[in-house]
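Undergrad: If it helps, the file is called run_20.txt and holds compact mmCIF, C-alpha atoms:
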# COMPACT_ATOMS: atom_id res chain seq x y z
CA MET P 1 50.12 -39.46 -52.21
CA SER P 2 53.11 -38.21 -50.29
CA ALA P 3 52.71 -36.56 -46.90
CA ALA P 4 54.15 -33.30 -48.25
CA LYS P 5 51.61 -33.24 -51.09
CA LYS P 6 48.74 -33.89 -48.63
CA THR P 7 49.89 -30.99 -46.45
CA ALA P 8 50.11 -28.67 -49.44
CA MET P 9 46.57 -29.57 -50.53
CA SER P 10 45.25 -29.02 -47.03
CA VAL P 11 46.88 -25.58 -46.85
CA THR P 12 45.41 -24.65 -50.24
CA ARG P 13 41.94 -25.70 -49.09
CA ASN P 14 42.24 -23.64 -45.92
CA ILE P 15 43.37 -20.57 -47.85
CA ALA P 16 40.42 -20.94 -50.24
CA PHE P 17 37.99 -21.34 -47.33
CA GLY P 18 39.47 -18.31 -45.62
CA ALA P 19 39.13 -16.26 -48.80
CA VAL P 20 35.47 -17.19 -49.11
CA LEU P 21 34.89 -16.17 -45.52
CA MET P 22 36.61 -12.82 -46.07
CA ILE P 23 34.50 -12.13 -49.14
CA VAL P 24 31.30 -12.99 -47.27
CA GLY P 25 32.37 -10.87 -44.34
CA ALA P 26 33.15 -7.92 -46.56
CA MET P 27 29.69 -7.99 -48.14
CA PRO P 28 27.25 -5.54 -46.59
CA ALA P 29 24.87 -7.22 -44.12
CA ARG P 30 21.31 -7.46 -45.37
CA ALA P 31 19.21 -4.77 -43.73
CA ALA P 32 16.37 -6.11 -41.62
CA SER P 33 13.02 -5.83 -43.33
CA GLU P 34 9.58 -4.98 -42.07
CA ALA P 35 8.66 -8.63 -42.56
CA ASP P 36 11.51 -9.70 -40.24
CA PHE P 37 10.29 -7.20 -37.66
CA LYS P 38 6.70 -8.43 -37.92
CA ALA P 39 7.84 -12.01 -37.34
CA ALA P 40 9.94 -11.01 -34.29
CA MET P 41 7.13 -8.84 -32.92
CA SER P 42 4.55 -11.53 -33.41
CA ALA P 43 6.67 -14.01 -31.43
CA ALA P 44 7.22 -11.45 -28.65
CA GLU P 45 3.54 -10.55 -28.43
CA ALA P 46 2.52 -14.21 -28.36
CA ALA P 47 4.86 -14.82 -25.42
CA GLU P 48 3.60 -11.71 -23.61
CA LYS P 49 0.02 -12.83 -24.15
CA GLN P 50 0.87 -16.08 -22.43
CA ALA P 51 2.48 -14.17 -19.55
CA ASP P 52 -0.69 -12.09 -19.28
CA GLN P 53 -2.83 -15.22 -19.06
CA LEU P 54 -0.60 -16.25 -16.16
CA ARG P 55 -1.14 -12.78 -14.60
CA ASN P 56 2.60 -12.23 -14.59
CA LYS P 57 3.65 -9.59 -17.09
CA TRP P 58 6.86 -7.68 -16.45
CA LEU P 59 7.24 -3.93 -16.86
CA THR P 60 10.51 -4.43 -18.71
CA THR P 61 8.82 -6.59 -21.33
CA GLU P 62 6.26 -3.87 -21.94
CA THR P 63 9.04 -1.30 -22.23
CA GLN P 64 10.83 -3.36 -24.88
CA LEU P 65 7.61 -3.97 -26.81
CA ALA P 66 6.94 -0.24 -26.86
CA ALA P 67 10.54 0.43 -27.95
CA ALA P 68 10.19 -2.10 -30.77
CA LYS P 69 7.02 -0.45 -32.06
CA LYS P 70 8.59 3.01 -31.84
CA ALA P 71 11.72 1.94 -33.74
CA ALA P 72 9.63 0.20 -36.40
CA ALA P 73 7.49 3.31 -36.83
CA ALA P 74 10.70 5.28 -37.41
CA GLY P 75 11.81 2.73 -40.01
CA ASP P 76 14.70 1.39 -37.93
CA PHE P 77 13.94 -2.30 -38.27
CA ASP P 78 17.31 -3.45 -36.90
CA ALA P 79 16.61 -1.71 -33.59
CA ALA P 80 12.96 -2.81 -33.71
CA ILE P 81 13.90 -6.46 -34.12
CA ALA P 82 16.50 -6.27 -31.35
CA ALA P 83 13.91 -4.80 -28.97
CA ALA P 84 11.27 -7.33 -30.01
CA ARG P 85 13.69 -10.20 -29.38
CA GLU P 86 14.57 -8.74 -26.00
CA ALA P 87 10.86 -8.50 -25.19
CA GLU P 88 10.33 -12.11 -26.21
CA ALA P 89 13.21 -13.28 -24.01
CA LEU P 90 11.82 -11.32 -21.03
CA ALA P 91 8.31 -12.64 -21.61
CA ILE P 92 9.61 -16.21 -21.75
CA ALA P 93 11.44 -15.61 -18.46
CA SER P 94 8.24 -14.30 -16.86
CA ILE P 95 6.34 -17.37 -18.10
CA TYR P 96 9.01 -19.60 -16.61
CA GLN P 97 8.78 -17.68 -13.32
CA ALA P 98 4.99 -17.96 -13.13
CA THR P 99 5.05 -21.64 -14.02
CA SER P 100 7.75 -22.62 -11.56
CA GLU P 101 6.21 -20.48 -8.79
CA LYS P 102 3.01 -22.52 -8.97
CA THR P 103 4.67 -24.93 -6.57
CA ARG P 104 7.82 -23.12 -5.45
CA TRP P 105 5.95 -20.45 -3.46
CA LYS P 106 5.42 -23.02 -0.74
CA ASP P 107 9.16 -23.07 -0.04
CA MET P 108 8.84 -19.54 1.30
CA GLU P 109 5.76 -20.12 3.43
CA VAL P 110 5.96 -19.54 7.18
CA ARG P 111 4.78 -22.78 8.80
CA MET V 1 0.95 -62.98 1.71
CA ARG V 2 -2.72 -61.94 1.64
CA LYS V 3 -2.38 -60.39 5.08
CA ALA V 4 0.84 -58.61 4.17
CA LEU V 5 -0.71 -56.52 1.39
CA PRO V 6 -3.42 -54.78 3.44
CA LEU V 7 -0.86 -54.21 6.18
CA ALA V 8 1.46 -52.58 3.67
CA SER V 9 -1.40 -50.40 2.41
CA ILE V 10 -2.26 -49.30 5.93
CA LEU V 11 1.38 -48.43 6.61
CA ALA V 12 1.60 -46.46 3.36
CA LEU V 13 -1.57 -44.54 4.24
CA ALA V 14 -0.29 -43.86 7.72
CA LEU V 15 2.90 -42.44 6.25
CA LEU V 16 1.02 -40.34 3.71
CA ALA V 17 -1.58 -39.02 6.13
CA PRO V 18 0.54 -36.27 7.71
CA ALA V 19 1.63 -35.10 4.26
CA LEU V 20 -1.98 -34.97 3.06
CA ALA V 21 -3.04 -33.19 6.24
CA ASP V 22 -0.29 -30.58 5.67
CA ASP V 23 -1.83 -29.66 2.32
CA LYS V 24 -5.28 -29.01 3.77
CA PRO V 25 -5.77 -25.27 4.36
CA ASN V 26 -5.68 -24.40 8.02
CA PRO V 27 -5.90 -20.61 8.48
CA ALA V 28 -5.85 -20.82 12.28
CA ALA V 29 -2.58 -22.78 12.21
CA ASP V 30 -1.17 -20.34 9.63
CA GLN V 31 -2.06 -17.39 11.83
CA LYS V 32 -0.36 -18.92 14.84
CA ALA V 33 2.77 -19.82 12.86
CA PHE V 34 2.89 -16.38 11.23
CA GLN V 35 2.63 -14.47 14.49
CA THR V 36 5.05 -16.81 16.26
CA TYR V 37 7.63 -16.32 13.51
CA PHE V 38 7.69 -12.55 14.03
CA ILE V 39 7.50 -12.70 17.81
CA LYS V 40 10.46 -15.09 17.96
CA ARG V 41 12.46 -13.24 15.34
CA PHE V 42 11.98 -9.87 17.03
CA PRO V 43 11.80 -10.66 20.76
CA LYS V 44 12.36 -7.03 21.74
CA VAL V 45 9.38 -5.74 19.75
CA LYS V 46 6.18 -5.54 21.77
CA TYR V 47 3.35 -7.53 20.19
CA GLU V 48 1.11 -4.50 19.62
CA ASP V 49 4.00 -2.56 18.14
CA PHE V 50 4.28 -4.63 14.94
CA VAL V 51 1.47 -2.51 13.50
CA ASN V 52 3.83 0.45 13.51
CA GLY V 53 5.88 -1.07 10.71
CA PRO V 54 9.44 0.20 10.35
CA TYR V 55 9.17 2.20 13.59
CA SER V 56 8.99 -1.06 15.53
CA MET V 57 12.30 -2.08 13.96
CA ASP V 58 14.44 1.06 13.93
CA ALA V 59 15.04 3.29 16.96
CA GLY V 60 16.12 6.35 14.95
CA LEU V 61 13.08 6.26 12.69
CA ARG V 62 10.85 5.73 15.69
CA LYS V 63 12.12 8.88 17.36
CA GLN V 64 11.41 10.92 14.24
CA TRP V 65 7.95 9.36 13.93
CA GLU V 66 7.03 10.08 17.55
CA GLU V 67 7.86 13.72 16.98
CA LYS V 68 5.89 13.79 13.74
CA GLU V 69 2.87 12.31 15.51
CA GLU V 70 2.47 15.56 17.43
CA PHE V 71 1.25 17.08 14.15
CA PRO V 72 0.55 13.96 12.12
CA PRO V 73 0.72 14.36 8.34
CA TYR V 74 -2.48 12.32 7.84
CA GLU V 75 -4.53 14.73 9.98
CA PHE V 76 -5.84 16.65 6.98
CA ALA V 77 -6.97 13.43 5.33
CA VAL V 78 -8.87 12.41 8.48
CA GLU V 79 -10.61 15.79 8.59
CA THR V 80 -11.46 15.69 4.89
CA GLY V 81 -12.67 12.10 5.21
CA LYS V 82 -14.89 13.01 8.15
CA GLU V 83 -16.50 15.79 6.15
CA MET V 84 -16.94 13.59 3.09
CA PHE V 85 -18.41 10.83 5.21
CA ALA V 86 -21.06 13.13 6.64
CA THR V 87 -21.94 14.86 3.37
CA PRO V 88 -25.16 13.45 1.91
CA PHE V 89 -25.23 11.99 -1.60
CA LYS V 90 -27.58 13.59 -4.14
CA ASN V 91 -30.31 11.22 -2.94
CA GLY V 92 -29.94 12.44 0.64
CA LYS V 93 -28.35 9.27 2.01
CA THR V 94 -24.82 9.07 3.39
CA TYR V 95 -22.07 6.49 3.74
CA ALA V 96 -23.37 5.74 7.21
CA ASP V 97 -26.45 4.16 5.61
CA CYS V 98 -24.28 1.52 3.91
CA PHE V 99 -22.39 0.20 6.93
CA ALA V 100 -22.96 -1.51 10.26
CA ASN V 101 -22.80 0.85 13.25
CA LYS V 102 -23.16 3.70 10.76
CA GLY V 103 -19.59 3.06 9.62
CA ILE V 104 -17.95 4.07 12.90
CA GLY V 105 -15.37 1.77 14.49
CA ILE V 106 -15.72 -1.02 11.94
CA ARG V 107 -12.39 -0.96 10.09
CA GLN V 108 -11.19 -4.05 11.97
CA ASN V 109 -13.86 -6.19 10.29
CA TYR V 110 -12.59 -5.50 6.77
CA PRO V 111 -12.05 -7.26 4.46
CA TYR V 112 -14.81 -9.79 4.91
CA PHE V 113 -15.97 -12.69 2.81
CA ASP V 114 -19.34 -12.03 1.21
CA GLU V 115 -21.10 -15.38 1.00
CA LYS V 116 -23.71 -14.05 -1.43
CA GLU V 117 -21.11 -12.88 -3.92
CA GLY V 118 -18.62 -15.61 -3.07
CA LYS V 119 -15.79 -13.09 -2.92
CA VAL V 120 -13.76 -10.94 -0.56
CA VAL V 121 -15.02 -7.40 -0.01
CA THR V 122 -12.50 -4.81 1.12
CA LEU V 123 -13.34 -1.50 2.77
CA GLU V 124 -12.33 0.42 -0.36
CA LEU V 125 -14.58 -1.75 -2.50
CA ALA V 126 -17.47 -1.42 -0.04
CA LEU V 127 -17.14 2.37 -0.10
CA ASN V 128 -17.30 2.50 -3.88
CA ARG V 129 -20.23 0.08 -3.94
CA CYS V 130 -21.98 2.36 -1.46
CA ARG V 131 -21.39 5.29 -3.78
CA GLU V 132 -22.64 3.42 -6.84
CA ALA V 133 -25.70 2.10 -4.99
CA ASN V 134 -26.56 5.71 -4.24
CA GLY V 135 -26.11 6.98 -7.76
CA GLU V 136 -22.61 8.40 -7.34
CA ALA V 137 -19.57 7.69 -9.50
CA PRO V 138 -16.94 5.46 -7.86
CA TYR V 139 -13.69 7.00 -6.68
CA ASN V 140 -10.32 6.09 -8.09
CA TYR V 141 -8.85 3.46 -5.75
CA LEU V 142 -5.41 5.04 -5.91
CA LYS V 143 -6.33 8.65 -5.22
CA ASP V 144 -6.88 11.02 -2.31
CA GLU V 145 -10.67 10.80 -1.96
CA MET V 146 -10.57 7.07 -1.22
CA ALA V 147 -7.56 7.55 1.06
CA SER V 148 -9.38 10.27 3.02
CA LEU V 149 -12.53 8.22 3.51
CA THR V 150 -10.63 5.14 4.67
CA ALA V 151 -8.35 7.31 6.84
CA TYR V 152 -11.38 8.61 8.71
CA MET V 153 -12.91 5.16 9.08
CA ALA V 154 -9.61 3.72 10.34
CA PHE V 155 -9.23 6.62 12.77
CA THR V 156 -12.62 5.84 14.32
CA SER V 157 -11.46 2.24 14.76
CA ARG V 158 -8.08 2.87 16.35
CA ASP V 159 -6.97 0.33 18.93
CA LYS V 160 -9.76 -2.07 18.03
CA LYS V 161 -8.33 -5.52 17.38
CA MET V 162 -8.29 -6.82 13.83
CA ASP V 163 -11.10 -9.35 13.64
CA ILE V 164 -11.31 -11.04 10.26
CA LYS V 165 -13.57 -14.06 9.90
CA ILE V 166 -13.22 -16.95 7.50
CA PRO V 167 -16.69 -18.47 7.28
CA ASP V 168 -17.25 -22.18 6.89
CA ASP V 169 -17.47 -21.89 3.13
CA PRO V 170 -15.02 -23.58 0.74
CA ARG V 171 -14.98 -20.42 -1.39
CA ALA V 172 -13.80 -18.36 1.59
CA LEU V 173 -11.05 -20.85 2.26
CA GLU V 174 -10.10 -20.76 -1.41
CA ALA V 175 -9.92 -16.94 -1.34
CA TYR V 176 -7.72 -17.11 1.75
CA GLU V 177 -5.44 -19.68 0.09
CA ASN V 178 -5.26 -17.61 -3.09
CA GLY V 179 -4.22 -14.61 -1.01
CA LYS V 180 -1.58 -16.64 0.77
CA ARG V 181 -0.22 -17.95 -2.52
CA TYR V 182 -0.12 -14.44 -3.96
CA PHE V 183 1.80 -13.20 -0.91
CA TYR V 184 4.51 -15.84 -1.21
CA THR V 185 4.78 -15.95 -5.03
CA ARG V 186 7.81 -14.35 -6.63
CA ARG V 187 7.04 -11.98 -9.45
CA GLY V 188 8.53 -9.25 -11.59
CA GLN V 189 11.95 -9.11 -13.19
CA LEU V 190 13.52 -8.72 -9.73
CA ASN V 191 12.00 -12.07 -8.72
CA PHE V 192 10.63 -10.78 -5.41
CA SER V 193 7.57 -11.93 -3.53
CA CYS V 194 5.81 -9.81 -0.89
CA ALA V 195 7.45 -12.16 1.62
CA SER V 196 10.96 -11.49 0.26
CA CYS V 197 10.81 -8.03 1.81
CA HIS V 198 8.21 -8.28 4.55
CA VAL V 199 8.93 -11.74 5.99
CA GLN V 200 12.56 -12.42 5.15
CA SER V 201 13.93 -8.90 5.56
CA PRO V 202 11.90 -6.67 7.91
CA GLY V 203 14.08 -4.14 9.68
CA GLU V 204 16.65 -4.25 6.90
CA HIS V 205 17.21 -1.50 4.37
CA ILE V 206 16.27 -1.39 0.73
CA ARG V 207 18.14 1.69 -0.32
CA SER V 208 17.08 4.26 2.29
CA GLU V 209 13.88 2.50 3.33
CA VAL V 210 13.51 0.29 6.39
CA LEU V 211 11.30 -2.66 5.49
CA ALA V 212 8.15 -3.18 7.54
CA PRO V 213 7.17 -6.56 8.95
CA ALA V 214 4.23 -8.24 7.21
CA LEU V 215 2.59 -8.83 10.58
CA GLY V 216 0.17 -5.96 11.12
CA ILE V 217 1.02 -4.24 7.85
CA MET V 218 -2.68 -3.84 6.94
CA ASN V 219 -3.57 -2.47 10.38
CA ALA V 220 -1.88 0.84 9.53
CA MET V 221 -3.66 1.43 6.22
CA PRO V 222 -4.19 3.90 4.69
CA ILE V 223 -0.82 5.61 5.09
CA TYR V 224 0.72 8.99 4.52
CA ARG V 225 4.05 8.42 2.82
CA SER V 226 6.65 11.14 2.75
CA GLU V 227 7.96 9.45 -0.41
CA TRP V 228 4.60 10.10 -2.05
CA SER V 229 4.10 13.49 -0.39
CA GLY V 230 0.58 12.37 0.30
CA MET V 231 -1.84 9.68 1.35
CA GLY V 232 -2.01 6.24 -0.16
CA THR V 233 -4.70 3.60 -0.07
CA THR V 234 -4.13 -0.13 0.37
CA SER V 235 -4.66 -0.43 -3.39
CA ARG V 236 -1.92 2.10 -4.02
CA ARG V 237 0.45 0.26 -1.70
CA LEU V 238 -0.11 -3.07 -3.47
CA VAL V 239 0.20 -1.57 -6.95
CA THR V 240 3.42 0.21 -5.97
CA CYS V 241 4.90 -2.93 -4.42
CA ASN V 242 4.29 -4.79 -7.67
CA SER V 243 5.87 -2.03 -9.76
CA GLN V 244 8.91 -1.99 -7.51
CA THR V 245 9.59 -5.62 -8.40
CA ARG V 246 9.20 -4.62 -12.08
CA ALA V 247 5.96 -6.54 -12.41
CA VAL V 248 3.02 -5.03 -14.26
CA PRO V 249 0.57 -4.26 -11.44
CA LEU V 250 -2.88 -5.81 -11.54
CA GLU V 251 -5.97 -3.66 -11.67
CA PRO V 252 -6.86 -2.22 -8.24
CA GLN V 253 -9.35 -4.40 -6.36
CA SER V 254 -8.65 -7.38 -8.61
CA ASP V 255 -9.40 -10.74 -7.00
CA GLU V 256 -5.71 -11.28 -6.22
CA TYR V 257 -5.35 -7.99 -4.36
CA ARG V 258 -8.59 -8.53 -2.46
CA ASP V 259 -7.48 -12.01 -1.48
CA VAL V 260 -3.99 -11.00 -0.37
CA GLU V 261 -5.53 -8.27 1.80
CA TYR V 262 -7.82 -10.94 3.29
CA PHE V 263 -4.85 -13.20 4.05
CA LEU V 264 -2.69 -10.45 5.55
CA SER V 265 -5.52 -9.07 7.65
CA TYR V 266 -6.53 -12.50 8.93
CA VAL V 267 -3.03 -13.41 10.10
CA ALA V 268 -2.93 -10.06 11.96
CA ASN V 269 -6.09 -10.83 13.95
CA GLY V 270 -5.69 -9.65 17.53
CA LEU V 271 -3.41 -6.74 16.65
CA PRO V 272 -4.80 -3.21 17.01
CA ILE V 273 -5.83 -0.96 14.16
CA SER V 274 -3.25 1.85 13.98
CA GLY V 275 -4.35 3.49 10.75
CA PRO V 276 -4.09 5.94 9.33
CA GLY V 277 -0.35 5.55 9.51
CA ALA V 278 2.60 7.68 8.50
CA ARG V 279 5.61 6.19 6.77
CA PRO V 280 8.86 7.63 5.43
Before anything else, please render the file you have as structure tokens.
TA:
Amino acid sequence: MSAAKKTAMSVTRNIAFGAVLMIVGAMPARAASEADFKAAMSAAEAAEKQADQLRNKWLTTETQLAAAKKAAAAGDFDAAIAAAREAEALAIASIYQATSEKTRWKDMEVR
Amino acid sequence: MRKALPLASILALALLAPALADDKPNPAADQKAFQTYFIKRFPKVKYEDFVNGPYSMDAGLRKQWEEKEEFPPYEFAVETGKEMFATPFKNGKTYADCFANKGIGIRQNYPYFDEKEGKVVTLELALNRCREANGEAPYNYLKDEMASLTAYMAFTSRDKKMDIKIPDDPRALEAYENGKRYFYTRRGQLNFSCASCHVQSPGEHIRSEVLAPALGIMNAMPIYRSEWSGMGTTSRRLVTCNSQTRAVPLEPQSDEYRDVEYFLSYVANGLPISGPGARP
């Protein structure tokens, strides 16, 4: 196969791939469902439960959990999932903090 | 070769010994180190003056405070507390029946470690236990009634030196260590420990507030805070500190709060009671 023919085939493939991407992009995004929200909320609440066992919950996590529940009650599952994921991320950070502080607190001690 | 091994073991132990010794709780050494840290860091502050919190650090605030002390904002709480203290419960007994020396001049001995219960007992907790033992409902630890009672009891103990004991009981030592750990542990989304403000930054500003030194911070409790437009108990102070770091506060008089009060009061032994205090 000549080099020119190879180049032409490659260009055709790229155009086809680009077209597929454009079609996919133009399709309406699937709206988040209640099931998606329940999964996100369950993960967030599990993480917050772990933070609670470590006696290290954050106010901001609680705020996001409340926001997620409120949005879900209003039927806005996109916003509810976003808040639940934010809550999960905050809860994971608080777990990390509590775990690392089990030894790190000594660095701050006046001796 | 046989002789070399035991020798190596002895050397290893000798090297490890100081490290092991460092991990053993030593409240007396902690107290000395804690007080020395503040005395060296603030050589111009008189030892007894640390109990006056931000006023020991900031000349302008001190001037305002001295003027305020002519008509102190906690005066009403002391008067109310005195009246409450003397008012009999429904069974005819009073708070005086629950405390040594009838409750007068004893603030400096709180919190103490109760060897029967195996836990720290704070003055606020003891007051509510007194109420419950006499058939009365406990007061809210964050509200005015508790602040008034403790304000009166602190007032009768003014200038007495903080005198917290750690009995020879492993549970007491554990409570002290738990309190120390709580004090130095970072928490909340802002990743602050109590020490971040009150050891690393006393005298500095957080927004408009001048941070108080941790040394003697319990000696001034309870406090009237202009920010609150009212009195606040030790419980309220701890809960608020936690919220300010964006941590969910623990329940008032939880083991952690009782233990941190024990730690902070113990390291302030020898400093005078100045409560009730007034703060911006």
Undergrad: Between atom CA of Ile92 of chain P and atom CA of Lys38 of chain P, what is the spacing in Å?
TA: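 Distance between the two atoms: 18.2 Å.
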Undergrad: Pull out every residue of chain V sitting within 8 Å of chain P, counting all atoms listed in the file, and send them as a compact mmCIF listing (two decimals) with C-alpha atoms, in the frame of the given file.
TA:
# COMPACT_ATOMS: atom_id res chain seq x y z
CA ASP V 30 -1.17 -20.34 9.63
CA ALA V 33 2.77 -19.82 12.86
CA PHE V 34 2.89 -16.38 11.23
CA TYR V 37 7.63 -16.32 13.51
CA ARG V 181 -0.22 -17.95 -2.52
CA TYR V 184 4.51 -15.84 -1.21
CA THR V 185 4.78 -15.95 -5.03
CA ARG V 186 7.81 -14.35 -6.63
CA ARG V 187 7.04 -11.98 -9.45
CA GLY V 188 8.53 -9.25 -11.59
CA GLN V 189 11.95 -9.11 -13.19
CA ASN V 191 12.00 -12.07 -8.72
CA ALA V 195 7.45 -12.16 1.62
CA SER V 243 5.87 -2.03 -9.76
CA ARG V 246 9.20 -4.62 -12.08
CA ALA V 247 5.96 -6.54 -12.41
CA VAL V 248 3.02 -5.03 -14.26
CA LEU V 250 -2.88 -5.81 -11.54
Undergrad: As AutoDock Vina command-line options, please: the centre and edge lengths in Å, to one decimal, of an axis-aligned box enclosing every listed atom of segment 105-108 of chain P with 3 Å added on each side.
TA:
--center_x 7.3 --center_y -21.3 --center_z -1.1 --size_x 9.7 --size_y 9.5 --size_z 10.8
Undergrad: Write out as a ChimeraX atom specification which residues come within 12 Å of Ser56 of chain V when counting all atoms listed in the file, dropping same-chain ones fewer than 4 positions away.
TA: /V:38-39,42-52,60-63,65-66,202-204,210-217,279
Undergrad: Generate the output file for the selected residues, C-alpha atoms, as a PDB file, keeping the file's coordinate frame.
TA:
ATOM      1  CA  PHE V  38       7.690 -12.550  14.030  1.00  0.00           C
ATOM      2  CA  ILE V  39       7.500 -12.700  17.810  1.00  0.00           C
ATOM      3  CA  PHE V  42      11.980  -9.870  17.030  1.00  0.00           C
ATOM      4  CA  PRO V  43      11.800 -10.660  20.760  1.00  0.00           C
ATOM      5  CA  LYS V  44      12.360  -7.030  21.740  1.00  0.00           C
ATOM      6  CA  VAL V  45       9.380  -5.740  19.750  1.00  0.00           C
ATOM      7  CA  LYS V  46       6.180  -5.540  21.770  1.00  0.00           C
ATOM      8  CA  TYR V  47       3.350  -7.530  20.190  1.00  0.00           C
ATOM      9  CA  GLU V  48       1.110  -4.500  19.620  1.00  0.00           C
ATOM     10  CA  ASP V  49       4.000  -2.560  18.140  1.00  0.00           C
ATOM     11  CA  PHE V  50       4.280  -4.630  14.940  1.00  0.00           C
ATOM     12  CA  VAL V  51       1.470  -2.510  13.500  1.00  0.00           C
ATOM     13  CA  ASN V  52       3.830   0.450  13.510  1.00  0.00           C
ATOM     14  CA  GLY V  60      16.120   6.350  14.950  1.00  0.00           C
ATOM     15  CA  LEU V  61      13.080   6.260  12.690  1.00  0.00           C
ATOM     16  CA  ARG V  62      10.850   5.730  15.690  1.00  0.00           C
ATOM     17  CA  LYS V  63      12.120   8.880  17.360  1.00  0.00           C
ATOM     18  CA  TRP V  65       7.950   9.360  13.930  1.00  0.00           C
ATOM     19  CA  GLU V  66       7.030  10.080  17.550  1.00  0.00           C
ATOM     20  CA  PRO V 202      11.900  -6.670   7.910  1.00  0.00           C
ATOM     21  CA  GLY V 203      14.080  -4.140   9.680  1.00  0.00           C
ATOM     22  CA  GLU V 204      16.650  -4.250   6.900  1.00  0.00           C
ATOM     23  CA  VAL V 210      13.510   0.290   6.390  1.00  0.00           C
ATOM     24  CA  LEU V 211      11.300  -2.660   5.490  1.00  0.00           C
ATOM     25  CA  ALA V 212       8.150  -3.180   7.540  1.00  0.00           C
ATOM     26  CA  PRO V 213       7.170  -6.560   8.950  1.00  0.00           C
ATOM     27  CA  ALA V 214       4.230  -8.240   7.210  1.00  0.00           C
ATOM     28  CA  LEU V 215       2.590  -8.830  10.580  1.00  0.00           C
ATOM     29  CA  GLY V 216       0.170  -5.960  11.120  1.00  0.00           C
ATOM     30  CA  ILE V 217       1.020  -4.240   7.850  1.00  0.00           C
ATOM     31  CA  ARG V 279       5.610   6.190   6.770  1.00  0.00           C
TER      32      ARG V 279
END
Undergrad: In Å, with one decimal, what is the gap from atom CA of Lys68 of chain V to atom CA of Gly270 of chain V?
TA: 26.4 Å
Undergrad: Looking at all atoms listed in the file, which of V:Pro27, V:Gly118, V:Pro280, V:Gly105 is the one that sits closest to Gly230 of chain V?
TA: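 Closest residue, counting all atoms listed in the file: V:Pro280.
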Undergrad: Write out as a PyMOL selection string each polymer residue whose atoms come within 10 Å of Tyr152 of chain V, counting all atoms listed in the file; drop sequence neighbours fewer than 6 positions from it.
TA: chain V and resi 74-85+103-105+107+222+275-276
Undergrad: What does the distance from atom CA of Lys116 of chain V to atom CA of Pro167 of chain V come to in Å, to one decimal?
TA: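 It comes out at 12.0 Å.
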Undergrad: Which polymer residues have any atom within 12 Å of an atom of Pro111 of chain V, counting only C-alpha atoms, with same-chain residues fewer than 5 positions away left out, as a ChimeraX atom specification?
TA: /V:106,119-127,162-166,172,175-176,218-219,234,253,257-266,269
